[in-house]
>>> print(open('query.cif').read())   # mmCIF, C-alpha atoms
data_input
loop_
_atom_site.label_atom_id
_atom_site.label_comp_id
_atom_site.auth_asym_id
_atom_site.auth_seq_id
_atom_site.Cartn_x
_atom_site.Cartn_y
_atom_site.Cartn_z
CA MET A 15 3.92 -13.09 2.35
CA HIS A 16 0.77 -11.06 2.58
CA GLU A 17 -1.78 -13.51 1.22
CA PHE A 18 -3.25 -14.65 4.56
CA GLY A 19 -6.04 -12.07 4.69
CA ILE A 20 -7.05 -12.33 1.06
CA THR A 21 -7.14 -16.14 1.21
CA GLU A 22 -9.35 -15.91 4.30
CA SER A 23 -11.62 -13.64 2.25
CA LEU A 24 -11.57 -16.13 -0.61
CA VAL A 25 -12.73 -19.02 1.58
CA ARG A 26 -15.38 -16.87 3.24
CA ILE A 27 -16.78 -15.68 -0.09
CA VAL A 28 -16.90 -19.20 -1.54
CA GLU A 29 -18.60 -20.58 1.58
CA GLU A 30 -21.19 -17.84 1.49
CA LYS A 31 -21.97 -18.28 -2.21
CA ALA A 32 -22.16 -22.04 -1.79
CA ARG A 33 -24.59 -21.66 1.10
CA GLU A 34 -26.77 -19.26 -0.89
CA ALA A 35 -26.87 -21.71 -3.80
CA GLY A 36 -27.44 -24.72 -1.56
CA VAL A 37 -24.25 -26.35 -2.82
CA THR A 38 -22.39 -28.96 -0.81
CA LYS A 39 -19.25 -29.45 -2.90
CA VAL A 40 -17.11 -26.87 -4.70
CA THR A 41 -14.75 -28.41 -7.25
CA THR A 42 -13.01 -25.46 -8.90
CA ILE A 43 -12.52 -21.80 -8.00
CA ARG A 44 -11.29 -19.24 -10.54
CA VAL A 45 -9.37 -16.27 -9.19
CA VAL A 46 -8.35 -13.31 -11.34
CA ILE A 47 -5.05 -11.61 -10.53
CA GLY A 48 -3.71 -8.57 -12.35
CA ALA A 49 -0.12 -8.76 -13.54
CA LEU A 50 0.86 -5.72 -11.50
CA THR A 51 -0.32 -6.93 -8.09
CA GLY A 52 2.22 -8.34 -5.67
CA PHE A 53 0.07 -11.34 -4.78
CA VAL A 54 1.58 -14.76 -5.43
CA PRO A 55 -0.71 -17.66 -6.49
CA GLU A 56 1.50 -20.24 -4.74
CA SER A 57 1.14 -18.38 -1.45
CA ILE A 58 -2.64 -18.26 -1.84
CA GLU A 59 -2.63 -22.01 -2.49
CA PHE A 60 -0.45 -22.60 0.56
CA TYR A 61 -2.91 -20.84 2.87
CA TYR A 62 -5.92 -22.18 1.01
CA ASP A 63 -5.07 -25.80 1.74
CA ARG A 64 -5.22 -25.14 5.47
CA MET A 65 -8.04 -22.64 5.55
CA SER A 66 -10.46 -24.59 3.41
CA ARG A 67 -10.27 -27.69 5.60
CA ASN A 68 -13.69 -28.85 6.81
CA THR A 69 -15.43 -26.34 4.58
CA VAL A 70 -17.50 -26.84 1.45
CA ALA A 71 -14.43 -25.63 -0.46
CA GLU A 72 -12.03 -28.26 0.84
CA GLY A 73 -10.14 -29.93 -1.98
CA ALA A 74 -11.37 -27.51 -4.63
CA LYS A 75 -8.92 -26.74 -7.38
CA LEU A 76 -7.73 -23.15 -7.56
CA GLU A 77 -7.29 -21.76 -11.04
CA PHE A 78 -5.61 -18.41 -11.55
CA GLU A 79 -6.30 -16.20 -14.50
CA GLU A 80 -3.77 -13.42 -14.99
CA LEU A 81 -4.93 -10.13 -16.47
CA PRO A 82 -2.22 -8.14 -18.25
CA ALA A 83 -1.07 -4.70 -17.24
CA THR A 84 -2.63 -1.99 -19.36
CA LEU A 85 -1.35 1.56 -19.51
CA ARG A 86 -2.88 4.69 -21.01
CA CYS A 87 -0.50 7.17 -22.58
CA ARG A 88 -0.99 10.62 -21.06
CA THR A 89 0.13 12.29 -24.28
CA CYS A 90 -1.82 10.54 -27.05
CA GLY A 91 -4.34 8.41 -25.13
CA HIS A 92 -3.17 5.13 -26.63
CA VAL A 93 -3.88 2.11 -24.40
CA PHE A 94 -1.30 -0.66 -24.46
CA THR A 95 0.23 -3.57 -22.60
CA PRO A 96 3.82 -2.79 -21.72
CA GLN A 97 6.75 -5.03 -22.33
CA GLU A 98 8.71 -5.89 -19.21
CA ARG A 99 10.23 -2.73 -17.70
CA HIS A 100 9.58 -0.78 -20.86
CA TRP A 101 6.62 1.44 -20.27
CA ASP A 102 6.99 3.93 -23.12
CA CYS A 103 4.00 4.40 -25.42
CA PRO A 104 4.53 2.35 -28.61
CA SER A 105 2.43 4.86 -30.54
CA CYS A 106 4.03 8.21 -29.70
CA ALA A 107 7.04 7.18 -27.55
CA SER A 108 5.93 9.31 -24.60
CA SER A 109 7.06 7.92 -21.28
CA GLU A 110 4.19 9.43 -19.27
CA VAL A 111 1.47 6.89 -18.57
CA ASP A 112 -1.39 6.12 -16.21
CA ILE A 113 -2.05 2.58 -15.03
CA GLU A 114 -5.46 1.37 -16.22
CA GLY A 115 -5.47 -2.36 -15.61
CA GLY A 116 -3.41 -5.08 -13.99
CA ARG A 117 -4.27 -4.46 -10.35
CA GLU A 118 -7.35 -6.69 -10.23
CA LEU A 119 -7.83 -9.30 -7.54
CA TYR A 120 -11.18 -11.06 -7.36
CA VAL A 121 -12.98 -14.42 -7.33
CA LYS A 122 -14.56 -14.76 -10.72
CA GLU A 123 -16.60 -17.98 -10.46
CA MET A 124 -16.76 -21.44 -9.05
CA GLU A 125 -17.71 -24.85 -10.34
CA VAL A 126 -19.84 -27.00 -8.10
CA SER A 127 -21.18 -30.51 -8.18
CA MET B 17 -21.15 -29.73 -12.97
CA LYS B 18 -22.51 -26.23 -12.63
CA LYS B 19 -20.83 -22.83 -12.80
CA ILE B 20 -21.69 -20.08 -10.35
CA GLU B 21 -20.57 -16.57 -11.19
CA ILE B 22 -19.17 -14.60 -8.23
CA VAL B 23 -16.99 -11.58 -9.16
CA GLN B 24 -16.11 -10.33 -5.69
CA GLY B 25 -12.88 -8.60 -4.71
CA LEU B 26 -10.55 -10.31 -2.27
CA LEU B 27 -9.55 -6.94 -0.84
CA ASP B 28 -13.15 -5.83 -0.28
CA ALA B 29 -13.00 -6.71 3.44
CA ASN B 30 -9.78 -4.73 3.94
CA ASN B 31 -11.16 -1.83 1.93
CA ALA B 32 -14.36 -1.76 3.99
CA THR B 33 -12.34 -1.59 7.23
CA ALA B 34 -10.19 1.14 5.67
CA ALA B 35 -13.30 3.12 4.78
CA GLY B 36 -14.39 2.79 8.43
CA ASN B 37 -11.01 4.07 9.58
CA ARG B 38 -11.27 7.04 7.23
CA ALA B 39 -14.75 7.87 8.49
CA LEU B 40 -13.54 7.70 12.12
CA LEU B 41 -10.62 10.02 11.31
CA ASP B 42 -12.92 12.38 9.43
CA ARG B 43 -15.29 12.60 12.40
CA HIS B 44 -12.35 13.84 14.47
CA GLY B 45 -10.98 16.10 11.75
CA CYS B 46 -7.74 14.11 11.68
CA THR B 47 -5.61 13.80 8.58
CA ALA B 48 -3.84 10.44 8.33
CA VAL B 49 -0.63 9.96 6.37
CA ASN B 50 0.61 6.53 5.29
CA ILE B 51 4.41 6.76 5.18
CA MET B 52 6.06 4.08 3.09
CA SER B 53 9.64 3.31 2.05
CA ALA B 54 12.25 0.61 1.85
CA PRO B 55 13.95 -0.25 5.17
CA GLY B 56 16.47 2.41 6.14
CA ALA B 57 15.26 5.20 3.86
CA GLY B 58 14.46 7.32 6.90
CA LYS B 59 10.79 6.92 7.76
CA THR B 60 11.32 7.46 11.48
CA SER B 61 13.65 10.41 10.86
CA VAL B 62 11.02 11.99 8.62
CA VAL B 63 8.38 11.36 11.29
CA LEU B 64 10.55 13.09 13.92
CA ARG B 65 11.34 16.05 11.64
CA THR B 66 7.69 16.35 10.69
CA ILE B 67 6.45 16.39 14.28
CA ALA B 68 9.08 18.99 15.21
CA GLY B 69 8.20 21.09 12.16
CA LEU B 70 4.46 20.95 12.78
CA ASP B 71 4.76 21.31 16.53
CA ALA B 72 3.47 24.79 17.24
CA HIS B 73 0.55 24.51 14.88
CA VAL B 74 -0.59 20.93 14.75
CA ARG B 75 -1.02 18.09 17.26
CA THR B 76 0.41 14.86 15.94
CA GLY B 77 -0.11 11.22 16.82
CA VAL B 78 1.96 8.37 15.45
CA ILE B 79 1.25 4.73 14.62
CA GLU B 80 4.51 2.81 14.36
CA GLY B 81 4.41 -0.36 12.31
CA ASP B 82 7.35 -2.69 12.65
CA VAL B 83 7.95 -6.39 12.45
CA VAL B 84 9.37 -6.85 15.96
CA SER B 85 11.09 -4.06 17.84
CA THR B 86 9.80 -0.96 19.62
CA VAL B 87 12.90 1.15 18.86
CA ASP B 88 11.05 3.44 16.45
CA ALA B 89 8.20 3.99 18.89
CA GLU B 90 10.70 4.80 21.65
CA LYS B 91 12.42 7.38 19.44
CA VAL B 92 9.10 9.06 18.73
CA GLN B 93 7.70 8.75 22.28
CA GLY B 94 8.96 12.05 23.63
CA THR B 95 7.99 14.10 20.58
CA ALA B 96 4.54 13.04 19.46
CA ARG B 97 1.36 13.76 21.41
CA ALA B 98 0.61 10.02 21.41
CA VAL B 99 2.25 6.90 19.98
CA VAL B 100 0.89 3.42 19.35
CA GLN B 101 3.16 0.56 18.33
CA ILE B 102 2.00 -2.24 16.06
CA ASN B 103 4.31 -5.25 15.85
CA THR B 104 3.40 -7.37 12.88
CA LYS B 105 5.41 -10.42 13.95
CA GLY B 106 3.02 -13.19 14.89
CA MET B 107 0.30 -11.51 12.91
CA PRO B 108 -0.80 -13.22 9.73
CA GLU B 109 0.59 -10.44 7.57
CA SER B 110 4.01 -9.24 8.70
CA CYS B 111 5.28 -7.38 5.66
CA ALA B 112 2.80 -4.51 5.66
CA LEU B 113 0.17 -2.88 7.80
CA VAL B 114 -3.42 -3.79 6.93
CA ALA B 115 -6.60 -1.88 7.75
CA ASP B 116 -7.51 -4.10 10.75
CA MET B 117 -4.24 -3.28 12.51
CA VAL B 118 -4.74 0.44 11.98
CA ASP B 119 -8.34 0.13 13.18
CA ALA B 120 -7.07 -1.35 16.47
CA ALA B 121 -4.36 1.31 16.76
CA LEU B 122 -6.77 4.19 16.13
CA ARG B 123 -8.93 3.04 19.03
CA ARG B 124 -5.91 3.50 21.30
CA LEU B 125 -5.17 7.05 20.14
CA PRO B 126 -6.86 10.15 21.62
CA LEU B 127 -8.18 11.26 18.23
CA GLU B 128 -10.15 14.16 19.67
CA GLU B 129 -6.83 15.71 20.72
CA LEU B 130 -5.10 15.15 17.39
CA ASP B 131 -4.94 16.90 14.02
CA VAL B 132 -2.57 14.56 12.20
CA VAL B 133 -1.88 10.83 12.48
CA LEU B 134 1.39 9.72 10.91
CA ILE B 135 1.33 6.00 10.12
CA GLU B 136 4.82 4.58 9.69
CA ASN B 137 4.36 1.47 7.59
CA VAL B 138 6.64 -1.58 7.63
CA GLY B 139 9.78 -1.00 5.54
CA ASN B 140 8.84 -2.50 2.18
CA LEU B 141 8.08 -1.13 -1.30
CA ILE B 142 5.81 -3.93 -2.52
CA CYS B 143 3.31 -5.21 0.04
CA PRO B 144 2.07 -1.89 1.50
CA THR B 145 0.90 -0.87 -1.98
CA GLU B 146 -1.97 -3.35 -1.87
CA PHE B 147 -3.59 -2.36 1.42
CA ASP B 148 -5.67 0.75 1.92
CA LEU B 149 -5.40 1.69 5.61
CA GLY B 150 -7.93 4.52 5.59
CA GLU B 151 -5.25 7.18 5.22
CA HIS B 152 -5.85 10.48 3.42
CA LEU B 153 -2.36 10.81 1.99
CA LYS B 154 0.20 8.28 0.80
CA VAL B 155 3.78 9.47 1.04
CA VAL B 156 6.72 7.49 -0.33
CA ILE B 157 10.27 8.16 0.82
CA ALA B 158 13.25 7.25 -1.34
CA SER B 159 16.78 7.95 -0.17
CA THR B 160 19.72 8.86 -2.37
CA PRO B 161 21.95 5.85 -1.47
CA GLU B 162 19.23 3.51 -2.78
CA GLY B 163 19.83 4.75 -6.32
CA ASP B 164 17.60 6.54 -8.81
CA ASP B 165 16.02 3.43 -10.37
CA LYS B 166 13.57 2.56 -7.55
CA PRO B 167 10.51 3.85 -9.47
CA LEU B 168 11.34 1.47 -12.34
CA LYS B 169 11.56 -1.50 -9.97
CA TYR B 170 8.57 -0.66 -7.81
CA PRO B 171 6.23 1.33 -10.06
CA LEU B 172 2.95 0.90 -8.17
CA ILE B 173 4.00 2.51 -4.93
CA PHE B 174 5.25 5.57 -6.82
CA ALA B 175 2.20 5.66 -9.09
CA ASP B 176 -0.09 5.85 -6.04
CA ALA B 177 1.90 8.43 -4.04
CA ASP B 178 0.39 11.80 -3.13
CA ALA B 179 3.90 13.08 -2.39
CA VAL B 180 7.42 11.74 -2.84
CA ILE B 181 10.22 12.61 -0.43
CA ILE B 182 13.84 12.18 -1.48
CA ASN B 183 15.78 11.88 1.76
CA LYS B 184 19.53 12.04 2.50
CA ILE B 185 20.34 14.73 -0.07
CA ASP B 186 23.37 15.57 2.10
CA LEU B 187 24.88 12.36 0.65
CA LEU B 188 24.43 13.42 -2.99
CA PRO B 189 28.17 14.19 -3.49
CA TYR B 190 29.04 10.63 -2.43
CA VAL B 191 26.44 8.44 -4.13
CA ASP B 192 25.31 7.75 -7.69
CA PHE B 193 21.89 9.33 -7.66
CA ASP B 194 20.68 11.34 -10.63
CA MET B 195 17.89 13.59 -9.32
CA GLY B 196 16.62 14.37 -12.84
CA LYS B 197 16.41 10.70 -13.74
CA PHE B 198 14.61 9.86 -10.51
CA THR B 199 12.01 12.60 -10.71
CA GLN B 200 11.32 11.87 -14.40
CA ALA B 201 10.86 8.16 -13.62
CA VAL B 202 8.28 9.07 -10.96
CA ARG B 203 6.60 11.67 -13.18
CA ASP B 204 6.25 9.05 -15.93
CA LEU B 205 3.99 7.07 -13.59
CA ASN B 206 2.44 9.84 -11.56
CA ALA B 207 1.37 13.15 -13.03
CA HIS B 208 0.69 14.99 -9.79
CA ALA B 209 2.81 14.05 -6.75
CA PRO B 210 5.05 16.88 -5.58
CA PHE B 211 8.70 16.15 -4.79
CA PHE B 212 10.43 17.14 -1.58
CA ALA B 213 14.19 16.75 -1.66
CA LEU B 214 15.45 17.00 1.89
CA SER B 215 17.92 15.86 4.48
CA CYS B 216 16.70 14.78 7.90
CA LYS B 217 20.33 14.99 9.02
CA THR B 218 20.89 18.68 8.17
CA GLY B 219 17.26 19.81 8.04
CA GLU B 220 17.63 21.17 4.52
CA GLY B 221 14.34 21.07 2.61
CA VAL B 222 12.29 19.88 5.59
CA ALA B 223 10.35 23.17 5.88
CA GLU B 224 8.87 22.84 2.37
CA TRP B 225 7.60 19.33 3.09
CA VAL B 226 6.14 20.35 6.44
CA ALA B 227 4.43 23.40 4.90
CA TRP B 228 2.83 21.19 2.23
CA LEU B 229 1.55 18.75 4.85
CA ARG B 230 0.29 21.55 7.12
CA ASP B 231 -1.78 22.89 4.20
CA ARG B 232 -3.49 19.51 4.03
CA THR B 233 -4.49 19.28 7.66
CA ARG B 234 -7.91 20.46 8.61
CA LYS B 235 -7.64 21.99 12.05
CA ALA B 236 -4.51 24.04 11.38
#
>>> encode(input="query.cif", output="C-alpha cells")
Amino acid sequence: MHEFGITESLVRIVEEKAREAGVTKVTTIRVVIGALTGFVPESIEFYYDRMSRNTVAEGAKLEFEELPATLRCRTCGHVFTPQERHWDCPSCASSEVDIEGGRELYVKEMEVS
Amino acid sequence: MKKIEIVQGLLDANNATAAGNRALLDRHGCTAVNIMSAPGAGKTSVVLRTIAGLDAHVRTGVIEGDVVSTVDAEKVQGTARAVVQINTKGMPESCALVADMVDAALRRLPLEELDVVLIENVGNLICPTEFDLGEHLKVVIASTPEGDDKPLKYPLIFADADAVIINKIDLLPYVDFDMGKFTQAVRDLNAHAPFFALSCKTGEGVAEWVAWLRDRTRKA
C-alpha cells in the first residue's frame, strides 16, 4: 500500500479549504483517480477513516471518480481509450502510442453543510 | 448543502519535495538516477557494475532503498564513495521510495564530493512509478528470466523510463525471452528510451550502459 502520504495530503487540503471557507462540517469529498494510476480507493478510505478523526472532515463520504486512460497514436494522432491490454490504435492499427490521460489524482470538490 | 471546488493534486506535496531535491542536486552538479525493477532483476548488481565502470572518471554515491535489510548497502559499501540506507519498514509507505525519504538521505550524503547519486528503489514495478524523487533519470531494469511480457503488464514504468536495461543476457539460451518482442513492447509505449542488453555476471554490454550514463553526468 502506498496511499498513506496521499491520504494525508487529502485531509490536509480539505481542512485548509474548509478553514478558508469558514466551514465546520464537510459531508462529501470527490476524488478523481485516473485508470492508469496504481492507487486503490479502498486503501485511501482505510487511511482516511483514521486520519480524518477529530477534523472537520471526519465522517465525510469519499466519492471516487475514475477517469479513463487515453492514448495518442504516434503514427496518425488518433486519441482513444484502450481496451484492456490492447493498446493498438483502432484507427490505423499502429502499436506505438503516448499516454495522454489516466494518471490523474486530485481532489475535485467537496460538499459542506 | 454547498459545493466548494478544489482541484488540487494529492501528489503535489511529494512533487514539491522532489523539486527541492532536484534543486539541491543541481546546486552540487550531481546527476541522480532512480533505478527501478522487480525484486531480483539485478538492481544492486547493476549499481556495483556501474560504480566500477564509472570509477576513474566519476564519483558516485548510493542511496539504497529496501524494506528491511542492509545487505544491499553492505555490498555497495566498499565500492561507492558514500552509501546511505533507507529502510522503508515502519515507514508509512514501504513499497516504494518517496521524495521525503530521499530528501533525508541526500542530507546525509557529501554531495559536494559527488558527481552521480544512484538511488536503488524498492523492488517493485508499480508503486515507484507514482513518486517523483527528484531524480534526473529514471532507469528500469528487466531481466531475461522474468519473461518478455513485463512491459504489457506494467506499462507506466516502461513508458516513463529514460533508459531500459535488460539484465542477465547470459541466461538467454536457457529462458523464454524474445528480445525483439520485449524491445517492441517497450518502444510501443516509449519512443525514446535506449536499450542496454547486458550481463552483470559476465560484464557483457556493461560498457555501453556506463558510457551512456557518463555522457549524462555534468562534472565528468
>>> closest_residue(input="query.cif", among="A:Leu76, A:Gly48, A:Val37, A:Phe94", to="A:Leu24", atoms="only C-alpha atoms")
A:Leu76
>>> resolve_selection(input="query.cif", expression="the PyMOL selection byres ((chain A) within 7 of (chain B))", output="PyMOL selection string")
chain A and resi 15-16+18+20+23-24+52+99+109-112+119-127
>>> axis_aligned_box(input="query.cif", around="stretch 35-41 of chain A", padding_each_side="3 Å", output="AutoDock Vina command-line options")
--center_x -21.1 --center_y -25.6 --center_z -4.0 --size_x 18.7 --size_y 13.7 --size_z 12.4
>>> resolve_selection(input="query.cif", expression="the PyMOL selection byres ((chain B and resi 80-89) around 6)", output="ChimeraX atom specification")
/B:79,90-93,101-105,136-138
>>> residues_near_point(input="query.cif", point="(-11.8, -27.3, 3.4)", cutoff="12 Å", atoms="only C-alpha atoms", output="MDAnalysis selection string")
chainID A and resid 22 24:26 28:29 38:41 61:75
>>> atom_distance(input="query.cif", atom1="atom CA of A:Cys90", atom2="atom CA of A:Ile113")
14.4 Å
>>> resolve_selection(input="query.cif", expression="the PyMOL selection byres ((chain A and resi 95) around 12)", output="list of chain:residue names")
A:Ala49, A:Leu50, A:Leu81, A:Pro82, A:Ala83, A:Thr84, A:Leu85, A:Arg86, A:Cys87, A:His92, A:Val93, A:Phe94, A:Pro96, A:Gln97, A:Glu98, A:Arg99, A:His100, A:Trp101, A:Asp102, A:Cys103, A:Pro104, A:Ser105, A:Val111, A:Asp112, A:Ile113, A:Glu114, A:Gly115, A:Gly116
>>> closest_residue(input="query.cif", among="B:Ala72, B:Leu153, B:Leu127, B:Ile181", to="B:Ser53", atoms="all atoms listed in the file")
B:Ile181
>>> atom_distance(input="query.cif", atom1="atom CA of B:Ile182", atom2="atom CA of B:Ala213")
4.6 Å
>>> build_atoms(input="query.cif", residues="stretch 103-114 of chain B", atoms="all heavy atoms", output="JSON list (two decimals), keeping the file's coordinate frame")
[["chain", "number", "residue", "atom", "x", "y", "z"],
["B", 103, "ASN", "N", 3.30, -4.29, 16.29],
["B", 103, "ASN", "CA", 4.31, -5.25, 15.85],
["B", 103, "ASN", "C", 3.62, -6.30, 15.01],
["B", 103, "ASN", "O", 2.67, -6.95, 15.46],
["B", 103, "ASN", "CB", 5.02, -5.91, 17.04],
["B", 103, "ASN", "CG", 6.09, -5.00, 17.62],
["B", 103, "ASN", "OD1", 6.22, -4.87, 18.83],
["B", 103, "ASN", "ND2", 6.84, -4.35, 16.76],
["B", 104, "THR", "N", 4.10, -6.46, 13.79],
["B", 104, "THR", "CA", 3.40, -7.37, 12.88],
["B", 104, "THR", "C", 3.87, -8.82, 13.02],
["B", 104, "THR", "O", 3.26, -9.71, 12.46],
["B", 104, "THR", "CB", 3.58, -6.94, 11.42],
["B", 104, "THR", "OG1", 4.97, -6.86, 11.12],
["B", 104, "THR", "CG2", 2.94, -5.59, 11.17],
["B", 105, "LYS", "N", 4.96, -9.03, 13.79],
["B", 105, "LYS", "CA", 5.41, -10.42, 13.95],
["B", 105, "LYS", "C", 4.35, -11.21, 14.71],
["B", 105, "LYS", "O", 3.81, -10.74, 15.70],
["B", 105, "LYS", "CB", 6.73, -10.48, 14.71],
["B", 105, "LYS", "CG", 7.31, -11.88, 14.70],
["B", 105, "LYS", "CD", 8.66, -11.95, 15.36],
["B", 105, "LYS", "CE", 9.26, -13.30, 15.14],
["B", 105, "LYS", "NZ", 9.36, -14.08, 16.35],
["B", 106, "GLY", "N", 4.07, -12.40, 14.24],
["B", 106, "GLY", "CA", 3.02, -13.19, 14.89],
["B", 106, "GLY", "C", 1.66, -12.89, 14.32],
["B", 106, "GLY", "O", 0.72, -13.64, 14.50],
["B", 107, "MET", "N", 1.56, -11.77, 13.59],
["B", 107, "MET", "CA", 0.30, -11.51, 12.91],
["B", 107, "MET", "C", 0.37, -12.21, 11.56],
["B", 107, "MET", "O", 1.44, -12.44, 11.02],
["B", 107, "MET", "CB", 0.11, -10.01, 12.69],
["B", 107, "MET", "CG", -0.10, -9.27, 14.00],
["B", 107, "MET", "SD", -0.76, -7.64, 13.67],
["B", 107, "MET", "CE", -0.62, -6.90, 15.29],
["B", 108, "PRO", "N", -0.80, -12.51, 11.00],
["B", 108, "PRO", "CA", -0.80, -13.22, 9.73],
["B", 108, "PRO", "C", -0.02, -12.49, 8.63],
["B", 108, "PRO", "O", 0.67, -13.10, 7.85],
["B", 108, "PRO", "CB", -2.28, -13.31, 9.38],
["B", 108, "PRO", "CG", -3.02, -13.02, 10.61],
["B", 108, "PRO", "CD", -2.13, -12.28, 11.54],
["B", 109, "GLU", "N", -0.15, -11.19, 8.58],
["B", 109, "GLU", "CA", 0.59, -10.44, 7.57],
["B", 109, "GLU", "C", 1.68, -9.68, 8.32],
["B", 109, "GLU", "O", 1.40, -8.89, 9.20],
["B", 109, "GLU", "CB", -0.29, -9.41, 6.85],
["B", 109, "GLU", "CG", -1.71, -9.85, 6.60],
["B", 109, "GLU", "CD", -1.87, -10.68, 5.34],
["B", 109, "GLU", "OE1", -0.85, -11.10, 4.78],
["B", 109, "GLU", "OE2", -3.02, -10.92, 4.94],
["B", 110, "SER", "N", 2.96, -9.92, 7.97],
["B", 110, "SER", "CA", 4.01, -9.24, 8.70],
["B", 110, "SER", "C", 4.76, -8.24, 7.85],
["B", 110, "SER", "O", 5.58, -7.49, 8.33],
["B", 110, "SER", "CB", 4.98, -10.27, 9.27],
["B", 110, "SER", "OG", 5.53, -11.04, 8.23],
["B", 111, "CYS", "N", 4.47, -8.20, 6.56],
["B", 111, "CYS", "CA", 5.28, -7.38, 5.66],
["B", 111, "CYS", "C", 4.66, -6.02, 5.38],
["B", 111, "CYS", "O", 5.24, -5.20, 4.70],
["B", 111, "CYS", "CB", 5.50, -8.12, 4.36],
["B", 111, "CYS", "SG", 3.96, -8.66, 3.61],
["B", 112, "ALA", "N", 3.46, -5.79, 5.89],
["B", 112, "ALA", "CA", 2.80, -4.51, 5.66],
["B", 112, "ALA", "C", 1.70, -4.34, 6.70],
["B", 112, "ALA", "O", 1.23, -5.32, 7.27],
["B", 112, "ALA", "CB", 2.16, -4.49, 4.27],
["B", 113, "LEU", "N", 1.34, -3.10, 6.96],
["B", 113, "LEU", "CA", 0.17, -2.88, 7.80],
["B", 113, "LEU", "C", -1.08, -3.13, 6.96],
["B", 113, "LEU", "O", -1.08, -2.88, 5.76],
["B", 113, "LEU", "CB", 0.15, -1.44, 8.32],
["B", 113, "LEU", "CG", 1.30, -1.03, 9.24],
["B", 113, "LEU", "CD1", 1.13, 0.42, 9.67],
["B", 113, "LEU", "CD2", 1.35, -1.94, 10.47],
["B", 114, "VAL", "N", -2.12, -3.65, 7.60],
["B", 114, "VAL", "CA", -3.42, -3.79, 6.93],
["B", 114, "VAL", "C", -4.43, -2.99, 7.75],
["B", 114, "VAL", "O", -4.16, -2.56, 8.88],
["B", 114, "VAL", "CB", -3.84, -5.27, 6.79],
["B", 114, "VAL", "CG1", -2.81, -6.04, 5.98],
["B", 114, "VAL", "CG2", -4.05, -5.93, 8.14]]
